file start29.txt (compact mmCIF, C-alpha atoms)
# COMPACT_ATOMS: atom_id res chain seq x y z
CA MET D 1 -11.60 70.20 89.81
CA ARG D 2 -9.45 71.33 92.77
CA ASN D 3 -9.26 75.12 92.84
CA ILE D 4 -6.01 77.06 92.88
CA ALA D 5 -6.36 78.15 96.52
CA ASP D 6 -6.60 74.53 97.62
CA THR D 7 -3.59 73.59 95.50
CA ILE D 8 -1.49 76.36 97.06
CA LYS D 9 -2.65 75.32 100.54
CA ARG D 10 -1.59 71.73 99.89
CA LEU D 11 1.83 72.79 98.62
CA ASN D 12 2.37 75.14 101.57
CA ALA D 13 1.54 72.30 103.93
CA ARG D 14 4.30 70.24 102.36
CA ASN D 15 6.75 73.08 102.99
CA THR D 16 6.73 72.21 106.69
CA PHE D 17 9.02 69.35 105.73
CA ALA D 18 11.44 71.60 103.84
CA ASP D 19 14.06 71.58 106.61
CA ARG D 20 14.24 67.80 106.80
CA PRO D 21 17.21 66.16 105.04
CA LEU D 22 16.56 63.84 102.12
CA SER D 23 16.79 60.19 103.04
CA ARG D 24 17.82 57.50 100.62
CA ALA D 25 15.63 54.42 100.48
CA THR D 26 17.45 51.50 102.10
CA ASN D 27 16.52 49.13 99.27
CA SER D 28 17.65 51.47 96.50
CA SER D 29 20.06 50.21 93.84
CA LEU D 30 21.13 53.72 92.83
CA LYS D 31 24.66 55.04 93.31
CA PRO D 32 25.89 58.66 93.31
CA LEU D 33 27.32 60.07 90.09
CA PRO D 34 30.20 62.36 91.14
CA ASP D 35 32.09 65.02 89.21
CA PHE D 36 29.74 65.31 86.25
CA GLY D 37 30.38 68.99 85.50
CA SER D 38 29.86 72.53 86.71
CA ASN D 39 26.28 71.71 87.79
CA PRO D 40 24.80 75.23 87.61
CA GLY D 41 21.39 73.85 88.56
CA ASN D 42 22.76 72.46 91.85
CA LEU D 43 21.14 69.05 91.34
CA ARG D 44 22.13 65.67 92.73
CA ALA D 45 22.87 62.80 90.34
CA TRP D 46 22.26 59.08 90.86
CA HIS D 47 22.80 56.27 88.41
CA TYR D 48 22.40 52.55 87.91
CA VAL D 49 24.48 50.33 85.63
CA PRO D 50 23.58 46.61 85.60
CA VAL D 51 26.39 44.13 86.11
CA GLY D 52 27.91 43.07 82.80
CA LEU D 53 26.36 45.88 80.77
CA VAL D 54 27.63 45.73 77.20
CA ILE D 55 29.36 48.57 75.36
CA ASP D 56 27.01 50.89 73.43
CA ALA D 57 24.05 50.09 75.67
CA PRO D 58 21.17 52.60 75.80
CA LEU D 59 20.72 55.23 78.52
CA VAL D 60 17.42 56.30 80.09
CA VAL D 61 17.21 59.54 82.09
CA VAL D 62 14.41 59.46 84.69
CA LEU D 63 13.04 62.58 86.44
CA HIS D 64 10.99 62.18 89.63
CA GLY D 65 7.93 64.23 90.54
CA CYS D 66 7.38 66.77 93.31
CA THR D 67 7.90 65.54 96.92
CA GLN D 68 9.72 62.45 95.57
CA THR D 69 13.36 61.39 95.58
CA ALA D 70 15.17 59.59 92.79
CA ALA D 71 15.27 56.36 94.77
CA GLU D 72 11.57 56.50 95.64
CA TYR D 73 10.64 57.02 92.02
CA ASP D 74 12.87 54.17 90.87
CA ILE D 75 11.36 51.76 93.38
CA GLY D 76 7.83 52.81 92.48
CA SER D 77 8.30 52.83 88.71
CA GLY D 78 10.50 49.75 88.43
CA TRP D 79 13.02 51.23 85.99
CA SER D 80 16.01 49.44 87.57
CA GLN D 81 14.09 46.15 87.41
CA LEU D 82 13.77 46.51 83.64
CA ALA D 83 17.36 47.73 83.30
CA ASP D 84 18.60 44.53 84.98
CA LYS D 85 16.43 42.33 82.80
CA HIS D 86 16.96 44.02 79.45
CA GLY D 87 20.40 45.63 79.70
CA PHE D 88 20.44 49.44 79.73
CA ALA D 89 21.82 52.15 82.00
CA LEU D 90 19.85 54.65 84.10
CA LEU D 91 20.46 58.22 85.21
CA PHE D 92 18.33 59.82 87.93
CA PRO D 93 18.79 63.57 88.41
CA GLU D 94 17.44 64.63 91.80
CA GLN D 95 16.15 68.00 92.97
CA GLN D 96 17.33 69.57 96.24
CA ARG D 97 15.17 71.46 98.71
CA SER D 98 17.52 74.41 98.52
CA ASN D 99 16.32 74.81 94.91
CA ASN D 100 12.66 73.95 95.45
CA PRO D 101 11.18 73.14 98.89
CA ASN D 102 8.74 70.67 97.34
CA LEU D 103 11.51 68.90 95.37
CA CYS D 104 9.93 69.94 92.06
CA PHE D 105 12.18 70.47 89.07
CA ASN D 106 11.81 74.13 88.13
CA TRP D 107 10.16 73.52 84.76
CA PHE D 108 8.56 77.00 84.79
CA ALA D 109 11.77 78.96 85.42
CA THR D 110 13.44 80.33 82.28
CA ALA D 111 16.82 80.23 84.03
CA ASP D 112 16.49 76.46 84.45
CA THR D 113 14.93 75.57 81.09
CA THR D 114 17.27 77.39 78.72
CA ARG D 115 19.99 75.53 76.85
CA GLY D 116 23.36 76.07 78.51
CA HIS D 117 21.88 77.23 81.82
CA GLY D 118 20.60 76.01 85.17
CA GLU D 119 18.97 72.64 85.70
CA ALA D 120 18.80 71.90 81.98
CA LEU D 121 22.58 72.20 81.65
CA SER D 122 23.13 70.12 84.79
CA ILE D 123 21.01 67.28 83.42
CA SER D 124 22.77 67.39 80.06
CA GLN D 125 26.15 67.29 81.83
CA MET D 126 25.04 64.23 83.80
CA ALA D 127 23.88 62.44 80.65
CA SER D 128 27.06 63.25 78.72
CA THR D 129 29.17 62.05 81.65
CA MET D 130 27.25 58.75 81.82
CA ILE D 131 27.67 58.19 78.08
CA ARG D 132 31.40 58.87 78.23
CA ARG D 133 32.26 56.93 81.42
CA HIS D 134 30.22 53.84 80.61
CA SER D 135 30.68 53.78 76.81
CA LEU D 136 26.95 54.11 76.18
CA ASP D 137 25.21 54.71 72.85
CA ARG D 138 24.57 58.44 72.47
CA SER D 139 22.09 57.75 69.67
CA ARG D 140 19.97 55.68 72.07
CA THR D 141 19.55 58.14 74.94
CA PHE D 142 16.01 58.75 76.20
CA ILE D 143 14.27 60.76 78.92
CA THR D 144 11.07 60.44 80.93
CA GLY D 145 9.52 62.04 83.99
CA LEU D 146 6.42 62.55 86.13
CA SER D 147 4.57 65.83 86.69
CA ALA D 148 7.23 68.54 87.21
CA GLY D 149 9.70 65.88 86.09
CA GLY D 150 7.54 65.28 83.02
CA ALA D 151 7.50 68.99 82.24
CA MET D 152 11.28 69.11 82.71
CA ALA D 153 11.66 66.07 80.43
CA GLY D 154 9.81 68.08 77.80
CA ALA D 155 12.16 71.00 78.44
CA MET D 156 15.16 68.73 77.90
CA LEU D 157 13.71 67.43 74.62
CA ALA D 158 13.29 71.05 73.52
CA THR D 159 16.65 72.42 74.67
CA TYR D 160 18.79 69.34 73.91
CA PRO D 161 17.04 67.52 71.04
CA ASP D 162 20.48 66.51 69.77
CA LEU D 163 20.99 64.46 72.94
CA PHE D 164 17.72 62.49 73.06
CA ALA D 165 16.22 60.07 70.56
CA GLY D 166 12.89 60.07 72.37
CA GLY D 167 11.03 61.10 75.49
CA ALA D 168 7.96 60.31 77.55
CA THR D 169 6.05 62.77 79.73
CA ILE D 170 3.69 61.59 82.45
CA ALA D 171 1.13 64.09 83.80
CA GLY D 172 3.37 66.85 82.42
CA LEU D 173 2.99 70.19 80.67
CA PRO D 174 4.21 71.72 77.38
CA TYR D 175 7.61 73.37 77.15
CA ALA D 176 7.88 77.12 77.84
CA THR D 177 4.19 77.57 78.54
CA ALA D 178 4.86 79.28 81.89
CA SER D 179 7.59 81.58 83.21
CA SER D 180 6.49 82.17 86.82
CA ILE D 181 4.87 80.31 89.70
CA PRO D 182 1.44 81.96 89.17
CA GLU D 183 1.58 81.07 85.47
CA ALA D 184 2.64 77.52 86.38
CA PHE D 185 -0.45 77.07 88.57
CA ASP D 186 -2.61 78.56 85.83
CA ARG D 187 -1.26 76.12 83.23
CA MET D 188 -1.67 73.21 85.64
CA ARG D 189 -5.37 74.12 85.76
CA GLY D 190 -5.44 74.16 81.96
CA HIS D 191 -5.77 77.92 81.58
CA GLY D 192 -3.82 80.10 79.16
CA LEU D 193 -2.35 77.37 76.98
CA GLN D 194 -1.10 78.73 73.68
CA GLU D 195 -2.01 77.79 70.10
CA SER D 196 -0.08 74.93 68.52
CA ALA D 197 2.10 77.02 66.18
CA MET D 198 3.25 79.20 69.08
CA LEU D 199 3.96 76.15 71.24
CA ALA D 200 6.04 74.61 68.45
CA ASP D 201 7.93 77.86 67.91
CA ARG D 202 8.97 77.80 71.57
CA VAL D 203 10.73 74.49 70.93
CA ARG D 204 12.25 75.60 67.64
CA GLY D 205 13.69 78.65 69.37
CA ALA D 206 15.19 76.66 72.25
CA SER D 207 18.25 75.52 70.23
CA ASP D 208 19.78 75.74 66.76
CA TYR D 209 18.97 72.08 66.11
CA ASN D 210 18.02 71.18 62.53
CA GLY D 211 17.91 67.39 62.65
CA PRO D 212 14.92 65.03 63.08
CA TRP D 213 12.94 65.73 66.27
CA PRO D 214 12.74 63.15 69.08
CA SER D 215 9.68 60.93 69.29
CA VAL D 216 7.38 61.56 72.25
CA SER D 217 4.77 59.67 74.21
CA ILE D 218 2.38 61.40 76.58
CA TRP D 219 0.62 59.74 79.50
CA HIS D 220 -2.17 61.34 81.54
CA GLY D 221 -4.96 60.21 83.85
CA THR D 222 -8.45 61.28 82.84
CA ASP D 223 -9.23 62.15 86.49
CA ASP D 224 -6.04 64.12 87.20
CA MET D 225 -7.01 66.97 89.55
CA THR D 226 -3.48 68.40 89.84
CA VAL D 227 -2.43 68.83 86.20
CA ASP D 228 -5.48 69.12 83.98
CA PRO D 229 -5.53 66.53 81.16
CA VAL D 230 -5.92 69.30 78.59
CA ASN D 231 -2.16 69.69 78.98
CA MET D 232 -1.74 66.38 77.19
CA GLU D 233 -3.51 67.84 74.17
CA ALA D 234 -1.23 70.88 74.31
CA ILE D 235 1.88 68.67 74.36
CA VAL D 236 0.50 66.75 71.39
CA ALA D 237 -0.07 70.05 69.63
CA GLN D 238 3.47 71.23 70.32
CA TRP D 239 5.11 68.15 68.85
CA TYR D 240 2.54 67.56 66.10
CA SER D 241 3.52 70.86 64.54
CA LEU D 242 7.24 70.12 64.94
CA HIS D 243 6.96 66.73 63.24
CA GLU D 244 4.85 68.26 60.44
CA ILE D 245 2.40 65.36 60.55
CA GLU D 246 -0.15 65.27 57.77
CA ARG D 247 -1.99 62.08 58.64
CA PRO D 248 -4.86 61.83 61.13
CA PRO D 249 -4.10 59.69 64.18
CA THR D 250 -5.24 56.16 64.74
CA THR D 251 -6.93 55.35 68.00
CA GLY D 252 -7.11 52.05 69.86
CA THR D 253 -6.86 50.52 73.32
CA VAL D 254 -4.01 49.00 75.31
CA ASP D 255 -4.93 47.19 78.53
CA GLY D 256 -8.31 48.91 78.37
CA HIS D 257 -6.97 52.45 77.98
CA THR D 258 -7.21 54.72 74.94
CA VAL D 259 -4.08 55.30 72.87
CA ARG D 260 -3.76 57.66 69.91
CA ARG D 261 -0.82 57.42 67.51
CA TRP D 262 0.40 60.00 65.01
CA ARG D 263 2.70 58.71 62.27
CA ASN D 264 5.14 60.62 60.09
CA ALA D 265 5.54 60.29 56.32
CA GLU D 266 7.59 57.10 56.84
CA GLY D 267 4.80 55.51 58.86
CA ILE D 268 6.67 55.73 62.19
CA ALA D 269 4.56 56.56 65.26
CA VAL D 270 6.41 59.66 66.45
CA ILE D 271 3.70 60.78 68.90
CA LYS D 272 1.63 58.56 71.19
CA ALA D 273 -0.95 59.79 73.69
CA TYR D 274 -2.20 57.44 76.45
CA SER D 275 -5.38 58.44 78.30
CA ILE D 276 -5.55 56.35 81.47
CA LYS D 277 -9.21 55.98 82.33
CA GLY D 278 -10.14 56.93 85.89
CA MET D 279 -6.57 57.61 87.01
CA GLY D 280 -5.61 60.63 89.08
CA HIS D 281 -2.23 62.35 89.29
CA GLY D 282 0.67 59.92 89.09
CA THR D 283 2.59 57.32 87.13
CA PRO D 284 0.55 54.33 85.93
CA ILE D 285 2.12 51.04 86.95
CA GLN D 286 1.21 47.35 86.87
CA THR D 287 2.38 45.17 89.75
CA THR D 288 1.33 41.75 88.42
CA GLY D 289 1.73 39.92 85.14
CA SER D 290 4.46 39.68 82.52
CA GLN D 291 4.64 43.45 82.04
CA SER D 292 4.76 44.32 85.73
CA ALA D 293 7.33 46.71 87.18
CA GLY D 294 7.59 48.75 90.36
CA SER D 295 5.39 48.97 93.43
CA ALA D 296 2.37 51.04 94.42
CA ARG D 297 2.97 54.09 96.62
CA PRO D 298 1.98 57.78 96.58
CA PHE D 299 1.79 59.01 92.97
CA MET D 300 2.73 55.51 91.72
CA LEU D 301 -0.69 54.15 90.84
CA ASP D 302 -1.43 50.50 90.12
CA VAL D 303 -4.04 50.82 87.37
CA GLY D 304 -3.24 47.67 85.43
CA ILE D 305 -0.93 49.20 82.81
CA SER D 306 2.81 49.70 83.19
CA SER D 307 3.92 52.98 81.66
CA THR D 308 7.51 51.96 82.43
CA TRP D 309 7.22 48.75 80.40
CA HIS D 310 5.40 50.34 77.47
CA ILE D 311 7.78 53.31 77.33
CA ALA D 312 10.80 51.00 77.33
CA LYS D 313 9.15 48.84 74.67
CA SER D 314 8.51 51.85 72.44
CA TRP D 315 12.22 52.71 72.61
CA ASN D 316 13.16 49.14 71.58
CA LEU D 317 14.75 48.47 74.95
CA ILE D 318 12.61 45.34 75.39
CA GLN D 319 12.95 42.61 72.81
CA GLY D 320 10.80 39.56 72.17
CA GLU D 321 7.77 40.57 74.25
CA ALA D 322 4.55 41.59 72.53
CA VAL D 323 2.28 44.41 73.60
CA THR D 324 -0.91 42.84 74.91
CA GLN D 325 -4.59 43.74 74.65
CA THR D 326 -4.25 46.10 71.70
CA GLN D 327 -7.51 46.23 69.79
CA ASN D 328 -9.98 48.36 67.83
CA VAL D 329 -7.34 50.32 65.93
CA ILE D 330 -9.38 52.62 63.69
CA PRO D 331 -8.74 55.98 62.05
CA TYR D 332 -9.42 59.00 64.24
CA ALA D 333 -10.59 62.00 62.23
CA PRO D 334 -12.53 64.77 63.99
CA VAL D 335 -14.78 66.99 61.91
CA PRO D 336 -12.62 69.80 60.45
CA ASP D 337 -13.11 73.36 61.61
CA LYS D 338 -12.70 75.76 58.68
CA ARG D 339 -11.06 78.32 60.97
CA LEU D 340 -8.29 75.87 61.82
CA VAL D 341 -7.45 74.28 58.47
CA ARG D 342 -4.02 74.85 56.96
CA GLU D 343 -3.53 75.98 53.39
CA ASN D 344 -2.67 72.45 52.30
CA GLY D 345 -6.04 71.23 53.57
CA THR D 346 -4.86 69.33 56.66
CA GLN D 347 -6.52 70.01 59.96
CA SER D 348 -4.66 72.02 62.60
CA VAL D 349 -4.22 70.23 65.90
CA SER D 350 -5.35 73.47 67.58
CA LEU D 351 -8.86 72.11 67.09
CA VAL D 352 -7.96 69.14 69.29
CA ILE D 353 -6.92 71.48 72.10
CA GLU D 354 -9.98 73.66 71.64
CA LYS D 355 -12.36 70.70 71.79
CA ALA D 356 -10.60 69.31 74.86
CA MET D 357 -10.83 72.69 76.59
CA ARG D 358 -14.53 72.91 75.78
CA ALA D 359 -15.11 69.41 77.11
CA ALA D 360 -13.32 70.37 80.32
CA GLY D 361 -15.44 73.51 80.65
CA LEU D 362 -12.42 75.78 80.42
CA ILE D 363 -13.74 77.80 77.48
CA LYS D 364 -17.20 78.34 76.06
call {"tool": "encode", "arguments": {"input": "start29.txt", "output": "structure tokens"}}
result
Amino acid sequence: MRNIADTIKRLNARNTFADRPLSRATNSSLKPLPDFGSNPGNLRAWHYVPVGLVIDAPLVVVLHGCTQTAAEYDIGSGWSQLADKHGFALLFPEQQRSNNPNLCFNWFATADTTRGHGEALSISQMASTMIRRHSLDRSRTFITGLSAGGAMAGAMLATYPDLFAGGATIAGLPYATASSIPEAFDRMRGHGLQESAMLADRVRGASDYNGPWPSVSIWHGTDDMTVDPVNMEAIVAQWYSLHEIERPPTTGTVDGHTVRRWRNAEGIAVIKAYSIKGMGHGTPIQTTGSQSAGSARPFMLDVGISSTWHIAKSWNLIQGEAVTQTQNVIPYAPVPDKRLVRENGTQSVSLVIEKAMRAAGLIK
């Protein structure tokens, strides 16, 4: 695992580019979104609306990762390709170097991840403006992001759960698990992650929302050396407790990669966790085949499975196309730990985090 000193060195090296202006990719389909609100987070906004988009179409909010621009992430992930083909609108918030020299969304800063403040408010203003101007379906608004963008997507699900029906984090981190840069690096290494009940309470305290919680899917490479995969288990733990799931997950494979699904009392898979075998830090894409989208580039990794396609499919944005290579769906039920069993007899997901930490060598 890359140590923290090396990580800081790599990030400082990128800072030499901090004074260079952002350039927009020449083949980008994105257009600026002007006048979307007070914008306290000082973010840019880009959007894409396919020609002939129908009234009450869905909206997907997409958050890029560090060192990336909105246009670069769109080209790499292929979101506008799917929007053209299947008919939904896109919103791409974009970080500015004046806020973060590495173009990371400030997912660890309380001022930017609190409802009604900073970057979180800016993103919600953008989404509300898109819904109003283009007559989109507020009940079918979703959010996804990579790395810092994935962590910020989780922050948006926590602070504005009334705005989003579902979200997907890729190589991200749990909401409100860090409040400073040193803590952020520590959590990226997998150190200091809280117990599931505390993680869930952070989300409950982020708004006065009382309705059903958004569904979530979590994607992470097993060989990620930037954000330790144990963070995926912590995100599962955070939302498992919120959804009050009582059933054990089922586990299976999609395109050769392990997927776990947790279903609520109605049998709906409200949490999905994709472990991408052998993948490092980035967004998994597939550049060939019927489910292909995007193009390979830094942090956009062609590993034979399209997270973009599967995420869109899970939100019912893609109709009439089956998920391929799903097999071996069997119950997943780890041996209970008596210390971590609730009063009603169901196993706490804290055990999942603990076992993952032990496997990663982070605790003894």
call {"tool": "residues_around", "arguments": {"input": "start29.txt", "residues": "Ala148 of chain D", "least_positions_apart": "5", "cutoff": "8 Å", "atoms": "only C-alpha atoms", "output": "ChimeraX atom specification"}}
result
/D:64-66,104-107,172-173
call {"tool": "residues_around", "arguments": {"input": "start29.txt", "residues": "segment 164-169 of chain D", "least_positions_apart": "3", "cutoff": "10 Å", "atoms": "only C-alpha atoms", "output": "count of residues only"}}
result
54
call {"tool": "atom_distance", "arguments": {"input": "start29.txt", "atom1": "atom CA of Phe92 of chain D", "atom2": "atom CA of Thr258 of chain D"}}
result
29.1 Å
call {"tool": "atom_distance", "arguments": {"input": "start29.txt", "atom1": "atom CA of Pro248 of chain D", "atom2": "atom CA of Ala200 of chain D"}}
result
18.3 Å
call {"tool": "closest_residue", "arguments": {"input": "start29.txt", "among": "D:Gly252, D:Pro93, D:Pro298, D:Gly221", "to": "Lys277 of chain D", "atoms": "all atoms listed in the file"}}
result
D:Gly221
call {"tool": "residues_around", "arguments": {"input": "start29.txt", "residues": "Leu33 of chain D", "least_positions_apart": "4", "cutoff": "7 Å", "atoms": "only C-alpha atoms", "output": "list in words"}}
result
Ala45, Trp46 and His47 of chain D
call {"tool": "write_last_selection", "arguments": {"input": "start29.txt", "atoms": "C-alpha atoms", "output": "short mmCIF file (atom, residue, chain, number, x, y, z; two decimals), in the frame of the given file"}}
result
data_model
loop_
_atom_site.label_atom_id
_atom_site.label_comp_id
_atom_site.auth_asym_id
_atom_site.auth_seq_id
_atom_site.Cartn_x
_atom_site.Cartn_y
_atom_site.Cartn_z
CA ALA D 45 22.87 62.80 90.34
CA TRP D 46 22.26 59.08 90.86
CA HIS D 47 22.80 56.27 88.41
#
call {"tool": "residues_around", "arguments": {"input": "start29.txt", "residues": "Gln319 of chain D", "least_positions_apart": "5", "cutoff": "12 Å", "atoms": "only C-alpha atoms", "output": "ChimeraX atom specification"}}
result
/D:82,85-87,309-310,312-314
call {"tool": "write_last_selection", "arguments": {"input": "start29.txt", "atoms": "C-alpha atoms", "output": "PDB file, keeping the file's coordinate frame"}}
result
ATOM      1  CA  LEU D  82      13.770  46.510  83.640  1.00  0.00           C
ATOM      2  CA  LYS D  85      16.430  42.330  82.800  1.00  0.00           C
ATOM      3  CA  HIS D  86      16.960  44.020  79.450  1.00  0.00           C
ATOM      4  CA  GLY D  87      20.400  45.630  79.700  1.00  0.00           C
ATOM      5  CA  TRP D 309       7.220  48.750  80.400  1.00  0.00           C
ATOM      6  CA  HIS D 310       5.400  50.340  77.470  1.00  0.00           C
ATOM      7  CA  ALA D 312      10.800  51.000  77.330  1.00  0.00           C
ATOM      8  CA  LYS D 313       9.150  48.840  74.670  1.00  0.00           C
ATOM      9  CA  SER D 314       8.510  51.850  72.440  1.00  0.00           C
TER      10      SER D 314
END
call {"tool": "closest_residue", "arguments": {"input": "start29.txt", "among": "D:Thr253, D:Thr222, D:Gln81, D:Gln238", "to": "Ala176 of chain D", "atoms": "all atoms listed in the file"}}
result
D:Gln238
call {"tool": "closest_residue", "arguments": {"input": "start29.txt", "among": "D:Met279, D:Ala155, D:Gly192, D:Gly52", "to": "His134 of chain D", "atoms": "only C-alpha atoms"}}
result
D:Gly52
call {"tool": "axis_aligned_box", "arguments": {"input": "start29.txt", "around": "segment 125-136 of chain D", "padding_each_side": "4 Å", "output": "JSON"}}
result
{"center_x": 28.1, "center_y": 60.5, "center_z": 80.0, "size_x": 16.4, "size_y": 21.5, "size_z": 15.6}
call {"tool": "residues_near_point", "arguments": {"input": "start29.txt", "point": "(20.1, 73.0, 83.2)", "cutoff": "10 Å", "atoms": "all atoms listed in the file", "output": "list in words"}}
result
Asn39, Pro40, Gly41, Asn42, Leu43, Asn106, Thr110, Ala111, Asp112, Thr113, Thr114, Arg115, Gly116, His117, Gly118, Glu119, Ala120, Leu121, Ser122, Ile123, Ser124, Gln125, Met152, Ala155, Met156 and Thr159 of chain D
call {"tool": "atom_distance", "arguments": {"input": "start29.txt", "atom1": "atom CA of Ser28 of chain D", "atom2": "atom CA of Ser295 of chain D"}}
result
12.9 Å
call {"tool": "closest_residue", "arguments": {"input": "start29.txt", "among": "D:Ser135, D:Ser290, D:Ser196, D:Ser38", "to": "Tyr175 of chain D", "atoms": "all atoms listed in the file"}}
result
D:Ser196
call {"tool": "closest_residue", "arguments": {"input": "start29.txt", "among": "D:Leu103, D:Ser180, D:Arg44, D:Pro34", "to": "Gln68 of chain D", "atoms": "only C-alpha atoms"}}
result
D:Leu103
call {"tool": "closest_residue", "arguments": {"input": "start29.txt", "among": "D:Trp262, D:Phe88, D:Phe108, D:Phe185", "to": "Val236 of chain D", "atoms": "all atoms listed in the file"}}
result
D:Trp262
